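Q: Sharing my_file.cif below, mmCIF, C-alpha atoms:
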data_entry
#
loop_
_atom_site.label_atom_id
_atom_site.label_comp_id
_atom_site.auth_asym_id
_atom_site.auth_seq_id
_atom_site.Cartn_x
_atom_site.Cartn_y
_atom_site.Cartn_z
CA MET A 24 0.00 0.00 0.00
CA SER A 25 1.35 3.35 -1.06
CA LYS A 26 1.24 6.02 1.66
CA LEU A 27 0.84 9.75 1.20
CA ARG A 28 3.54 11.32 3.38
CA LEU A 29 3.63 15.02 4.10
CA SER A 30 6.91 16.55 5.12
CA ILE A 31 7.14 20.29 5.35
CA THR A 32 8.74 23.09 7.38
CA MET A 33 6.64 25.64 9.21
CA SER A 34 7.38 28.62 11.44
CA LEU A 35 6.45 28.49 15.12
CA ASP A 36 3.36 30.52 14.22
CA GLY A 37 2.31 27.99 11.60
CA TYR A 38 3.32 29.44 8.23
CA ALA A 39 4.90 27.37 5.45
CA ALA A 40 5.75 30.51 3.47
CA GLY A 41 5.82 34.21 4.16
CA PRO A 42 3.62 36.84 2.47
CA ASP A 43 4.13 38.20 -1.08
CA GLN A 44 5.55 35.17 -2.88
CA ASN A 45 7.12 36.04 -6.22
CA GLU A 46 10.10 35.13 -8.39
CA GLU A 47 12.52 37.00 -6.11
CA ASN A 48 10.92 35.53 -2.95
CA PRO A 49 9.84 31.96 -3.81
CA LEU A 50 8.87 31.41 -0.19
CA GLY A 51 7.53 34.90 0.42
CA ILE A 52 9.12 37.58 2.56
CA GLY A 53 11.24 35.95 5.24
CA GLY A 54 10.29 32.47 4.07
CA MET A 55 13.80 31.37 3.08
CA GLU A 56 14.74 31.51 6.75
CA LEU A 57 12.36 28.59 7.37
CA HIS A 58 14.93 26.34 5.74
CA GLY A 59 17.95 27.73 7.58
CA TRP A 60 18.37 24.29 9.20
CA PHE A 61 18.38 22.52 5.82
CA PHE A 62 20.78 24.51 3.63
CA PRO A 63 23.99 23.77 5.61
CA LEU A 64 23.45 20.00 5.45
CA LYS A 65 25.68 17.71 3.43
CA THR A 66 22.49 16.02 2.14
CA PHE A 67 21.17 19.33 0.80
CA ARG A 68 24.47 20.23 -0.83
CA GLU A 69 24.74 16.80 -2.46
CA MET A 70 21.21 17.15 -3.89
CA HIS A 71 22.40 20.29 -5.62
CA GLY A 72 25.72 18.89 -6.80
CA GLU A 73 27.82 20.64 -4.20
CA GLU A 74 30.45 19.27 -1.85
CA GLY A 75 30.91 19.63 1.89
CA GLY A 76 28.26 20.49 4.42
CA GLU A 77 27.25 19.38 7.89
CA VAL A 78 25.98 16.09 9.20
CA ASN A 79 23.77 16.54 12.25
CA ALA A 80 20.52 15.24 13.77
CA SER A 81 18.56 16.60 10.81
CA SER A 82 20.52 14.47 8.32
CA ALA A 83 18.87 11.19 9.33
CA VAL A 84 15.45 12.86 9.27
CA VAL A 85 16.01 14.07 5.72
CA GLU A 86 17.15 10.60 4.65
CA GLU A 87 14.10 9.04 6.30
CA ARG A 88 11.81 11.46 4.46
CA ARG A 89 13.40 10.71 1.09
CA ALA A 90 13.44 6.94 1.58
CA ASN A 91 10.92 4.86 -0.38
CA ILE A 92 9.40 7.86 -2.20
CA GLY A 93 8.37 7.15 -5.81
CA ALA A 94 6.48 10.31 -6.74
CA THR A 95 5.83 13.83 -5.47
CA ILE A 96 2.74 16.06 -5.38
CA MET A 97 3.04 19.83 -5.10
CA GLY A 98 0.96 22.93 -5.62
CA ARG A 99 1.47 25.24 -8.51
CA ASN A 100 2.93 28.04 -6.35
CA MET A 101 5.61 25.67 -5.16
CA PHE A 102 6.47 24.94 -8.80
CA GLY A 103 6.81 28.58 -9.74
CA PRO A 104 5.72 32.22 -9.54
CA VAL A 105 3.53 32.18 -12.67
CA ARG A 106 -0.16 32.73 -11.85
CA GLY A 107 -3.20 32.22 -14.10
CA PRO A 108 -2.96 30.53 -17.53
CA TRP A 109 0.58 29.53 -18.61
CA PRO A 110 1.71 32.22 -21.09
CA ASP A 111 4.22 29.76 -22.60
CA ASP A 112 6.42 26.84 -21.56
CA SER A 113 9.38 28.95 -20.47
CA TRP A 114 8.97 28.42 -16.71
CA ARG A 115 10.61 25.08 -15.89
CA GLY A 116 10.55 25.14 -12.07
CA TRP A 117 12.84 26.68 -9.46
CA TRP A 118 15.39 23.89 -9.59
CA GLY A 119 17.25 24.18 -12.90
CA GLU A 120 17.45 21.48 -15.57
CA ASN A 121 18.17 18.65 -13.14
CA PRO A 122 15.68 19.01 -10.27
CA PRO A 123 16.39 17.12 -7.03
CA TYR A 124 13.33 14.83 -7.34
CA HIS A 125 14.44 12.16 -9.85
CA HIS A 126 10.91 10.78 -10.11
CA PRO A 127 7.51 11.93 -11.46
CA VAL A 128 6.21 15.14 -9.88
CA PHE A 129 2.51 16.02 -10.07
CA VAL A 130 1.80 19.75 -10.02
CA LEU A 131 -1.75 20.80 -9.16
CA THR A 132 -2.99 23.69 -11.30
CA HIS A 133 -6.25 24.97 -12.75
CA HIS A 134 -4.51 25.42 -16.10
CA PRO A 135 -3.59 22.40 -18.25
CA ARG A 136 -0.08 22.10 -19.59
CA ALA A 137 1.87 19.35 -21.36
CA PRO A 138 4.26 17.25 -19.23
CA LEU A 139 7.76 18.62 -18.86
CA GLU A 140 10.57 16.10 -18.91
CA MET A 141 13.69 17.27 -17.11
CA GLN A 142 17.12 15.70 -16.64
CA GLY A 143 17.81 13.07 -14.02
CA GLY A 144 14.44 11.30 -14.05
CA THR A 145 12.17 14.17 -12.99
CA THR A 146 9.08 14.77 -15.14
CA PHE A 147 6.58 17.44 -14.13
CA HIS A 148 2.97 16.41 -14.84
CA PHE A 149 0.35 19.13 -14.60
CA VAL A 150 -2.91 17.95 -13.06
CA SER A 151 -5.99 20.12 -13.50
CA ASP A 152 -8.74 17.75 -12.40
CA GLY A 153 -8.28 17.84 -8.64
CA ILE A 154 -6.41 16.37 -5.71
CA GLU A 155 -7.90 12.86 -5.89
CA SER A 156 -6.78 12.60 -9.50
CA ALA A 157 -3.30 13.85 -8.60
CA LEU A 158 -3.06 11.26 -5.83
CA ALA A 159 -4.27 8.41 -8.07
CA GLN A 160 -1.76 9.36 -10.78
CA ALA A 161 1.06 9.77 -8.27
CA GLU A 162 0.35 6.42 -6.59
CA ASP A 163 0.33 4.75 -9.97
CA ALA A 164 3.62 6.40 -10.94
CA ALA A 165 5.21 5.50 -7.58
CA ARG A 166 4.78 1.79 -8.38
CA GLY A 167 4.34 0.58 -4.81
CA ARG A 168 6.51 3.19 -3.20
CA ASP A 169 5.12 6.14 -1.23
CA VAL A 170 4.09 9.58 -2.44
CA TRP A 171 5.57 12.75 -0.99
CA LEU A 172 3.21 15.64 -0.41
CA ALA A 173 5.66 18.51 -0.60
CA GLY A 174 3.61 21.73 -0.29
CA GLY A 175 2.64 24.48 -0.32
CA ALA A 176 0.20 25.12 2.46
CA SER A 177 -2.89 25.52 0.27
CA VAL A 178 -2.54 22.14 -1.43
CA VAL A 179 -1.49 20.47 1.82
CA ASN A 180 -4.55 21.83 3.63
CA GLN A 181 -6.80 20.48 0.87
CA PHE A 182 -5.29 17.00 1.17
CA LEU A 183 -5.55 17.11 4.97
CA ALA A 184 -9.19 18.27 4.89
CA ALA A 185 -10.00 15.40 2.54
CA GLY A 186 -8.41 12.91 4.95
CA LEU A 187 -5.94 11.68 2.33
CA VAL A 188 -2.67 12.10 4.27
CA ASP A 189 -1.21 9.09 6.11
CA GLU A 190 1.80 10.66 7.76
CA ILE A 191 2.82 14.20 8.76
CA ASP A 192 6.44 15.08 9.44
CA VAL A 193 6.64 18.74 10.29
CA SER A 194 9.81 20.70 10.92
CA VAL A 195 9.16 23.58 13.32
CA ALA A 196 11.57 26.44 12.62
CA PRO A 197 12.44 28.99 15.35
CA LEU A 198 10.83 31.83 13.50
CA ILE A 199 7.74 34.08 13.58
CA LEU A 200 6.58 34.91 10.04
CA GLY A 201 3.49 36.85 11.13
CA ALA A 202 1.68 36.31 7.83
CA GLY A 203 1.76 34.17 4.71
CA ALA A 204 0.56 30.69 3.80
CA ARG A 205 -0.74 29.02 6.94
CA LEU A 206 -0.54 25.29 7.40
CA PHE A 207 -3.35 23.28 9.05
CA GLU A 208 -5.79 26.10 8.36
CA GLY A 209 -9.52 25.57 7.94
CA LEU A 210 -9.59 22.01 9.25
CA ASP A 211 -12.54 20.70 11.21
CA PRO A 212 -11.58 19.40 14.67
CA GLY A 213 -12.67 15.84 13.88
CA THR A 214 -10.85 15.58 10.54
CA LEU A 215 -7.52 14.25 11.75
CA LYS A 216 -6.62 11.92 14.56
CA LEU A 217 -2.88 12.22 15.18
CA LYS A 218 -0.45 10.01 17.01
CA GLN A 219 3.01 11.41 17.70
CA MET A 220 5.61 8.95 16.41
CA ARG A 221 8.83 10.79 17.27
CA ALA A 222 10.35 14.21 17.76
CA VAL A 223 13.95 15.10 16.92
CA ASP A 224 15.83 17.95 18.56
CA ALA A 225 18.18 19.17 15.82
CA PRO A 226 20.26 22.35 15.44
CA GLY A 227 17.83 25.19 14.82
CA VAL A 228 14.76 23.01 14.22
CA THR A 229 12.48 20.36 15.73
CA HIS A 230 11.12 17.57 13.53
CA ILE A 231 7.85 16.03 14.74
CA LYS A 232 6.31 13.02 13.02
CA TYR A 233 2.67 12.00 13.34
CA GLU A 234 0.70 9.05 12.09
CA VAL A 235 -2.75 10.04 10.88
CA SER A 236 -5.57 7.58 11.52
CA MET B 21 17.43 39.74 36.82
CA SER B 22 13.94 38.29 36.86
CA LYS B 23 12.92 36.61 33.58
CA LEU B 24 9.45 36.37 32.10
CA ARG B 25 9.05 32.74 31.08
CA LEU B 26 6.15 31.57 28.97
CA SER B 27 5.22 27.92 29.12
CA ILE B 28 2.04 26.81 27.43
CA THR B 29 0.54 23.95 25.45
CA MET B 30 -0.76 24.44 21.92
CA SER B 31 -2.31 22.20 19.30
CA LEU B 32 -0.40 21.43 16.11
CA ASP B 33 -2.53 24.10 14.43
CA GLY B 34 -1.54 26.69 17.02
CA TYR B 35 -4.47 26.97 19.44
CA ALA B 36 -4.04 27.23 23.22
CA ALA B 37 -7.76 26.67 23.76
CA GLY B 38 -10.70 25.52 21.67
CA PRO B 39 -13.74 27.62 20.77
CA ASP B 40 -16.67 28.43 23.11
CA GLN B 41 -14.92 28.63 26.48
CA ASN B 42 -17.35 28.52 29.40
CA GLU B 43 -17.66 27.05 32.89
CA GLU B 44 -18.26 23.54 31.51
CA ASN B 45 -15.42 23.89 28.98
CA PRO B 46 -12.67 25.96 30.65
CA LEU B 47 -10.41 25.34 27.67
CA GLY B 48 -13.14 25.51 25.05
CA ILE B 49 -14.49 22.63 23.02
CA GLY B 50 -11.83 19.94 22.69
CA GLY B 51 -9.32 22.03 24.65
CA MET B 52 -8.93 19.63 27.57
CA GLU B 53 -7.30 17.18 25.17
CA LEU B 54 -4.39 19.62 24.82
CA HIS B 55 -3.28 18.55 28.28
CA GLY B 56 -3.69 14.81 27.72
CA TRP B 57 0.10 14.47 28.18
CA PHE B 58 0.01 16.30 31.54
CA PHE B 59 -2.85 14.73 33.50
CA PRO B 60 -1.34 11.21 33.87
CA LEU B 61 1.91 12.57 35.35
CA LYS B 62 2.87 11.97 38.97
CA THR B 63 3.82 15.68 39.14
CA PHE B 64 0.32 16.73 38.09
CA ARG B 65 -1.37 14.37 40.54
CA GLU B 66 0.85 15.56 43.38
CA MET B 67 -0.04 19.20 42.61
CA HIS B 68 -3.66 18.25 43.14
CA GLY B 69 -3.08 16.17 46.25
CA GLU B 70 -3.43 12.81 44.53
CA GLU B 71 -1.17 9.78 44.62
CA GLY B 72 0.30 7.66 41.83
CA GLY B 73 0.85 8.70 38.26
CA GLU B 74 3.51 8.30 35.60
CA VAL B 75 7.07 9.54 35.44
CA ASN B 76 8.21 10.05 31.84
CA ALA B 77 10.16 12.51 29.68
CA SER B 78 7.59 15.24 30.40
CA SER B 79 8.20 15.06 34.16
CA ALA B 80 11.60 16.75 34.02
CA VAL B 81 10.22 19.42 31.69
CA VAL B 82 7.42 20.23 34.14
CA GLU B 83 9.92 20.43 37.01
CA GLU B 84 12.16 22.70 34.94
CA ARG B 85 9.22 25.00 34.20
CA ARG B 86 8.20 25.23 37.84
CA ALA B 87 11.74 25.79 39.13
CA ASN B 88 12.69 29.29 40.30
CA ILE B 89 9.24 30.77 39.66
CA GLY B 90 8.15 33.39 42.22
CA ALA B 91 4.97 34.78 40.64
CA THR B 92 2.52 34.05 37.84
CA ILE B 93 0.70 36.23 35.31
CA MET B 94 -2.47 35.05 33.60
CA GLY B 95 -5.39 36.45 31.66
CA ARG B 96 -8.81 36.76 33.11
CA ASN B 97 -10.26 33.95 30.96
CA MET B 98 -7.68 31.59 32.38
CA PHE B 99 -8.82 32.58 35.87
CA GLY B 100 -12.48 31.93 35.18
CA PRO B 101 -15.53 31.99 32.93
CA VAL B 102 -16.97 35.29 34.28
CA ARG B 103 -16.96 38.06 31.64
CA GLY B 104 -17.53 41.79 32.10
CA PRO B 105 -17.67 43.42 35.55
CA TRP B 106 -17.44 41.03 38.52
CA PRO B 107 -21.01 40.54 39.79
CA ASP B 108 -19.65 39.51 43.22
CA ASP B 109 -16.63 37.74 44.74
CA SER B 110 -18.05 34.25 44.44
CA TRP B 111 -15.77 33.10 41.60
CA ARG B 112 -12.49 32.01 43.20
CA GLY B 113 -10.69 30.38 40.26
CA TRP B 114 -10.84 26.90 38.70
CA TRP B 115 -8.54 25.33 41.24
CA GLY B 116 -10.45 25.09 44.53
CA GLU B 117 -9.37 26.65 47.83
CA ASN B 118 -5.73 25.55 47.57
CA PRO B 119 -4.59 26.41 44.01
CA PRO B 120 -1.39 24.79 42.70
CA TYR B 121 0.55 28.08 42.46
CA HIS B 122 1.65 28.77 46.06
CA HIS B 123 2.82 32.28 45.15
CA PRO B 124 1.25 35.59 44.03
CA VAL B 125 -0.76 35.37 40.81
CA PHE B 126 -1.52 38.50 38.79
CA VAL B 127 -4.75 38.30 36.79
CA LEU B 128 -5.16 40.80 33.96
CA THR B 129 -8.68 42.21 33.73
CA HIS B 130 -10.42 45.42 32.72
CA HIS B 131 -12.47 45.27 35.92
CA PRO B 132 -10.87 46.04 39.30
CA ARG B 133 -11.37 43.61 42.16
CA ALA B 134 -9.85 43.26 45.65
CA PRO B 135 -7.05 40.69 46.09
CA LEU B 136 -8.17 37.17 46.90
CA GLU B 137 -6.05 35.25 49.38
CA MET B 138 -6.33 31.50 49.02
CA GLN B 139 -4.80 28.64 50.99
CA GLY B 140 -1.24 27.44 50.47
CA GLY B 141 0.37 30.78 49.64
CA THR B 142 -1.57 31.70 46.49
CA THR B 143 -3.04 35.21 46.37
CA PHE B 144 -4.83 36.40 43.23
CA HIS B 145 -4.17 40.08 42.48
CA PHE B 146 -6.37 41.70 39.83
CA VAL B 147 -4.50 44.11 37.59
CA SER B 148 -6.55 46.54 35.51
CA ASP B 149 -3.86 48.99 34.37
CA GLY B 150 -2.14 46.94 31.69
CA ILE B 151 0.52 44.33 31.00
CA GLU B 152 3.55 46.46 31.94
CA SER B 153 2.01 47.10 35.34
CA ALA B 154 1.24 43.41 35.79
CA LEU B 155 4.84 42.54 34.93
CA ALA B 156 6.29 45.17 37.28
CA GLN B 157 4.10 43.96 40.15
CA ALA B 158 4.87 40.30 39.42
CA GLU B 159 8.62 40.92 39.26
CA ASP B 160 8.45 42.77 42.54
CA ALA B 161 6.47 39.95 44.14
CA ALA B 162 8.82 37.29 42.73
CA ARG B 163 11.71 38.79 44.76
CA GLY B 164 14.50 37.87 42.37
CA ARG B 165 12.92 34.73 41.06
CA ASP B 166 11.32 34.46 37.61
CA VAL B 167 7.76 35.16 36.52
CA TRP B 168 5.65 32.55 34.79
CA LEU B 169 3.45 33.76 31.93
CA ALA B 170 0.78 31.08 32.01
CA GLY B 171 -1.83 32.06 29.39
CA GLY B 172 -4.25 32.36 27.76
CA ALA B 173 -3.40 33.13 24.19
CA SER B 174 -4.71 36.69 24.17
CA VAL B 175 -2.59 37.85 27.10
CA VAL B 176 0.42 35.87 25.87
CA ASN B 177 0.18 37.48 22.43
CA GLN B 178 0.10 40.93 24.03
CA PHE B 179 3.25 40.23 26.04
CA LEU B 180 4.98 38.76 22.97
CA ALA B 181 4.03 41.73 20.79
CA ALA B 182 5.43 44.08 23.42
CA GLY B 183 8.74 42.18 23.42
CA LEU B 184 8.48 41.41 27.15
CA VAL B 185 8.96 37.62 27.06
CA ASP B 186 12.46 36.17 27.68
CA GLU B 187 11.79 32.49 27.20
CA ILE B 188 9.15 30.42 25.40
CA ASP B 189 8.61 26.76 26.26
CA VAL B 190 5.80 25.44 24.10
CA SER B 191 4.31 21.97 24.31
CA VAL B 192 2.96 20.89 20.93
CA ALA B 193 0.05 18.48 21.37
CA PRO B 194 -0.89 15.99 18.62
CA LEU B 195 -4.23 17.60 18.01
CA ILE B 196 -6.07 19.80 15.50
CA LEU B 197 -8.48 22.16 17.26
CA GLY B 198 -9.56 23.99 14.11
CA ALA B 199 -10.64 27.12 15.97
CA GLY B 200 -10.27 28.86 19.31
CA ALA B 201 -7.63 31.04 20.92
CA ARG B 202 -4.62 31.16 18.63
CA LEU B 203 -1.14 31.58 20.00
CA PHE B 204 1.51 33.75 18.25
CA GLU B 205 -1.24 35.60 16.38
CA GLY B 206 -0.87 39.15 15.13
CA LEU B 207 2.88 39.40 15.64
CA ASP B 208 5.06 41.41 13.32
CA PRO B 209 7.84 39.36 11.70
CA GLY B 210 10.61 41.38 13.33
CA THR B 211 9.18 41.32 16.86
CA LEU B 212 10.83 38.16 18.11
CA LYS B 213 14.20 36.62 17.44
CA LEU B 214 14.14 33.03 18.62
CA LYS B 215 16.89 30.57 19.37
CA GLN B 216 15.91 26.96 19.91
CA MET B 217 17.38 25.76 23.22
CA ARG B 218 16.09 22.19 23.33
CA ALA B 219 13.28 19.89 22.19
CA VAL B 220 12.00 16.92 24.18
CA ASP B 221 10.24 13.95 22.61
CA ALA B 222 7.78 12.83 25.30
CA PRO B 223 4.75 10.51 25.20
CA GLY B 224 2.03 12.31 23.25
CA VAL B 225 3.73 15.71 23.18
CA THR B 226 6.84 17.62 22.10
CA HIS B 227 8.27 20.36 24.33
CA ILE B 228 10.30 23.02 22.50
CA LYS B 229 12.13 25.75 24.35
CA TYR B 230 13.29 29.03 22.81
CA GLU B 231 15.32 31.91 24.08
CA VAL B 232 13.96 35.26 22.91
CA SER B 233 16.52 37.96 22.13
#
What does the file become when written as structure tokens?
A:
Amino acid sequence: MSKLRLSITMSLDGYAAGPDQNEENPLGIGGMELHGWFFPLKTFREMHGEEGGEVNASSAVVEERRANIGATIMGRNMFGPVRGPWPDDSWRGWWGENPPYHHPVFVLTHHPRAPLEMQGGTTFHFVSDGIESALAQAEDAARGRDVWLAGGASVVNQFLAAGLVDEIDVSVAPLILGAGARLFEGLDPGTLKLKQMRAVDAPGVTHIKYEVS
Amino acid sequence: MSKLRLSITMSLDGYAAGPDQNEENPLGIGGMELHGWFFPLKTFREMHGEEGGEVNASSAVVEERRANIGATIMGRNMFGPVRGPWPDDSWRGWWGENPPYHHPVFVLTHHPRAPLEMQGGTTFHFVSDGIESALAQAEDAARGRDVWLAGGASVVNQFLAAGLVDEIDVSVAPLILGAGARLFEGLDPGTLKLKQMRAVDAPGVTHIKYEVS
């Protein structure tokens, strides 16, 4: 059985991105700081073809999150700053020609677009018929492995409200964003029953994993 | 130097109490569940004159939070369900005649009321001239020890916005409340600079401590 596993970083006040996201501020104003724990890691640097970097308590968490993932689902704002209908095919994601996914990525959008095959095994598929369809396609593409729900907050909240998420691994960053894209917003109290699986005290971040039943 | 130390439990979606607080639901609908990690502890049972109970990773955190505290500040809704002017002196807190504070407690309210001396060293002082005054009085009463900022969310957010809090120890409960009194709400991004001091993985809860600079 393929699981849908959310892993995402949020500020202490619950935002997965700051306000005013655009091409200069992919994560909104102040949002980059959310990932201050991630950038220095050896794992992160390797993903982007760089050498060096730290190994600390976050390293094992990152490995655990990447293990057994066969496909990714993300929202359109996580894929890029373009809003509304695609003017052309020039926007190819934030990650260059060889994105760090190396498997099929399903991008939720209201505006159809042909699949985009990148280097290194990543193909972006644009899904315009809803979250259930994205999940079905991603599970199929994952071929028995799990699906990573990567963000942003809007898409994540839709999947949570629909009861489709099996596991939540949230990294709480020591940061107040004050505004932006809020995670876990608009959920009814009875929607999710959570069981804490583990918490990891790492430099500049706490990773908490929950099983959703 | 006396520190103002916040320790409080919030749901994963950031609420310190559920909606519709009243005498039957002191913490609002679903809010009691926030403290599901706390009630089974030996420390909790001892505070309320009961025997037995568990000792687990939360026990040391609770001891740490109680250590070196000489006074407490809380909001009026944490003290009781009465709203508006006090009709009489009949409401004496949620905690019976011997409350588990054993030191002066400063209750913020818009409506003056004479101090209320309880058994066991707890006296409730009602402060109607603002948070700075409450803090000055509490620091004075603490005689060199620290002041505990206990809740609820509204009062906590006022102290945070004013930059008066030195330490934040937040217990994240595996729970979605969906609505209620939201912690860390309405803060400007630059207000608080946080440094994570430690995180504790305990049964059914994660305790994260931050230093505020």
Q: Care to translate the PyMOL selection byres ((chain A and resi 78) around 10) into actual residues of this file, as a list in words?
A: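 Expected selection for the PyMOL selection byres ((chain A and resi 78) around 10) here is Pro63, Leu64, Lys65, Thr66, Gly75, Gly76, Glu77, Asn79, Ala80, Ser81, Ser82 and Ala83 of chain A.
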Q: Given all atoms listed in the file as the basis, pick out the residue of B:Asn118, B:Asn177, B:Gln41, B:Thr142 nearest to B:Asn97.
A: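 So, comparing all the options, the nearest one is B:Gln41.
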Q: Taking into account all atoms listed in the file, which residue in the set A:Ile92, A:Val195, A:Met55, A:Ala184 is nearest to A:Gly41?
A: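 Checking each of A:Ile92, A:Val195, A:Met55, A:Ala184 against A:Gly41, counting all atoms listed in the file, the winner is A:Met55.
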Q: Got a sec to pull out which chain B residues are within 6 Å of chain A, counting only C-alpha atoms, and send them as a PyMOL selection string?
A: chain B and resi 33+194+196-198+204+207-209+214+216+219+221+224
Q: Just checking: using all atoms listed in the file, which residue out of B:Gly90, B:Pro39, B:Pro107, B:Gly56 ends up closest to B:Arg165?
A: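 Closest to B:Arg165 of all the choices is B:Gly90.
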Q: I'd like to see the residues matched by the PyMOL selection byres ((chain B and resi 151) around 10) on this file, and ideally I'd get them as a list in words.
A: Ile93, Gly95, Phe126, Val127, Leu128, Thr129, Val147, Ser148, Asp149, Gly150, Glu152, Ser153, Ala154, Leu155, Ala156, Gln157, Val175, Val176, Gln178, Phe179, Ala182 and Leu184 of chain B
Q: Starting from the shown file, work through the PyMOL selection byres ((chain A and resi 164) around 8) and note down what comes out as a PyMOL selection string.
A: chain A and resi 93-94+127+160-163+165-166
Q: Residues of the last selection are to be written out with C-alpha atoms, as a PDB file, in the coordinates of the input.
A:
ATOM      1  CA  GLY A  93       8.370   7.150  -5.810  1.00  0.00           C
ATOM      2  CA  ALA A  94       6.480  10.310  -6.740  1.00  0.00           C
ATOM      3  CA  PRO A 127       7.510  11.930 -11.460  1.00  0.00           C
ATOM      4  CA  GLN A 160      -1.760   9.360 -10.780  1.00  0.00           C
ATOM      5  CA  ALA A 161       1.060   9.770  -8.270  1.00  0.00           C
ATOM      6  CA  GLU A 162       0.350   6.420  -6.590  1.00  0.00           C
ATOM      7  CA  ASP A 163       0.330   4.750  -9.970  1.00  0.00           C
ATOM      8  CA  ALA A 165       5.210   5.500  -7.580  1.00  0.00           C
ATOM      9  CA  ARG A 166       4.780   1.790  -8.380  1.00  0.00           C
TER      10      ARG A 166
END
Q: Would you pick out the contacts of B:Leu54 at 7 Å or less, using only C-alpha atoms, so that residues sharing its chain but fewer than 6 positions from it are not included, and give the list as a list of chain:residue names?
A: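 Answer for this query is B:Thr29, B:Met30, B:Ser31, B:Ala193.
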Q: Name all residues at most 9 Å from A:Trp117 (count only C-alpha atoms; drop same-chain ones fewer than 4 positions away) and give them as JSON, numbers by chain.
A: {"A": [46, 49, 101, 102, 103, 122]}
Q: Work out how far apart atom CA of B:Trp115 and atom CA of B:Ile188 are and give it in Å to one decimal.
A: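 Spanning atom CA of B:Trp115 to atom CA of B:Ile188 is a straight-line distance of 24.3 Å.
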Q: So, with all atoms listed in the file as the atoms that count, which of A:Arg68, A:Arg88, A:His126, A:His134 lies closest to A:Ile31?
A: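 Nearest candidate to A:Ile31 out of A:Arg68, A:Arg88, A:His126, A:His134: A:Arg88.
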Q: List every protein, DNA or RNA residue with an atom no more than 10 Å from (-2.2, -4.1, 0.0) in the file's coordinates, counting all atoms listed in the file, and format the result as number ranges by chain.
A: A: 24-25, 167
Q: With all atoms listed in the file as the basis for distance, which of B:Arg133, B:His122, B:Arg96, B:Arg103 is at the shortest distance from B:Ala173?
A: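 Nearest to B:Ala173: B:Arg96.
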Q: Output as lines of an AutoDock Vina configuration file the centre and edge lengths (Å, one decimal) of the box along x, y and z of the file that holds every listed atom of stretch 153-172 of chain A after adding 4 Å on each side.
A:
center_x = -0.9
center_y = 9.2
center_z = -5.7
size_x = 22.8
size_y = 25.3
size_z = 18.5
Q: Between atom CA of A:Leu27 and atom CA of A:Ser177, what is the distance in Å, rounded to a tenth?
A: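 Calculated distance between atom CA of A:Leu27 and atom CA of A:Ser177 is 16.2 Å.
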Q: Could you pull stretch 193-204 of chain A out of the structure I just pasted and write it to a file containing N, CA and C atoms, as a short mmCIF file (atom, residue, chain, number, x, y, z; two decimals), in the first residue's frame?
A:
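Done, and the output landed in part_8.cif:
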data_model
loop_
_atom_site.label_atom_id
_atom_site.label_comp_id
_atom_site.auth_asym_id
_atom_site.auth_seq_id
_atom_site.Cartn_x
_atom_site.Cartn_y
_atom_site.Cartn_z
N VAL A 193 6.55 17.29 10.38
CA VAL A 193 6.64 18.74 10.29
C VAL A 193 7.90 19.24 11.01
N SER A 194 8.63 20.09 10.33
CA SER A 194 9.81 20.70 10.92
C SER A 194 9.42 22.08 11.42
N VAL A 195 9.55 22.30 12.73
CA VAL A 195 9.16 23.58 13.32
C VAL A 195 10.40 24.46 13.43
N ALA A 196 10.41 25.54 12.66
CA ALA A 196 11.57 26.44 12.62
C ALA A 196 11.40 27.55 13.65
N PRO A 197 12.49 27.97 14.28
CA PRO A 197 12.44 28.99 15.35
C PRO A 197 12.28 30.39 14.77
N LEU A 198 11.06 30.67 14.35
CA LEU A 198 10.83 31.83 13.50
C LEU A 198 9.36 32.24 13.61
N ILE A 199 9.11 33.54 13.66
CA ILE A 199 7.74 34.08 13.58
C ILE A 199 7.62 34.77 12.22
N LEU A 200 6.74 34.27 11.35
CA LEU A 200 6.58 34.91 10.04
C LEU A 200 5.48 35.97 10.07
N GLY A 201 4.50 35.80 10.94
CA GLY A 201 3.49 36.85 11.13
C GLY A 201 2.37 36.84 10.10
N ALA A 202 2.68 36.36 8.90
CA ALA A 202 1.68 36.31 7.83
C ALA A 202 2.21 35.38 6.75
N GLY A 203 1.34 35.03 5.80
CA GLY A 203 1.76 34.17 4.71
C GLY A 203 0.81 33.01 4.51
N ALA A 204 1.36 31.87 4.10
CA ALA A 204 0.56 30.69 3.80
C ALA A 204 0.53 29.80 5.04
#
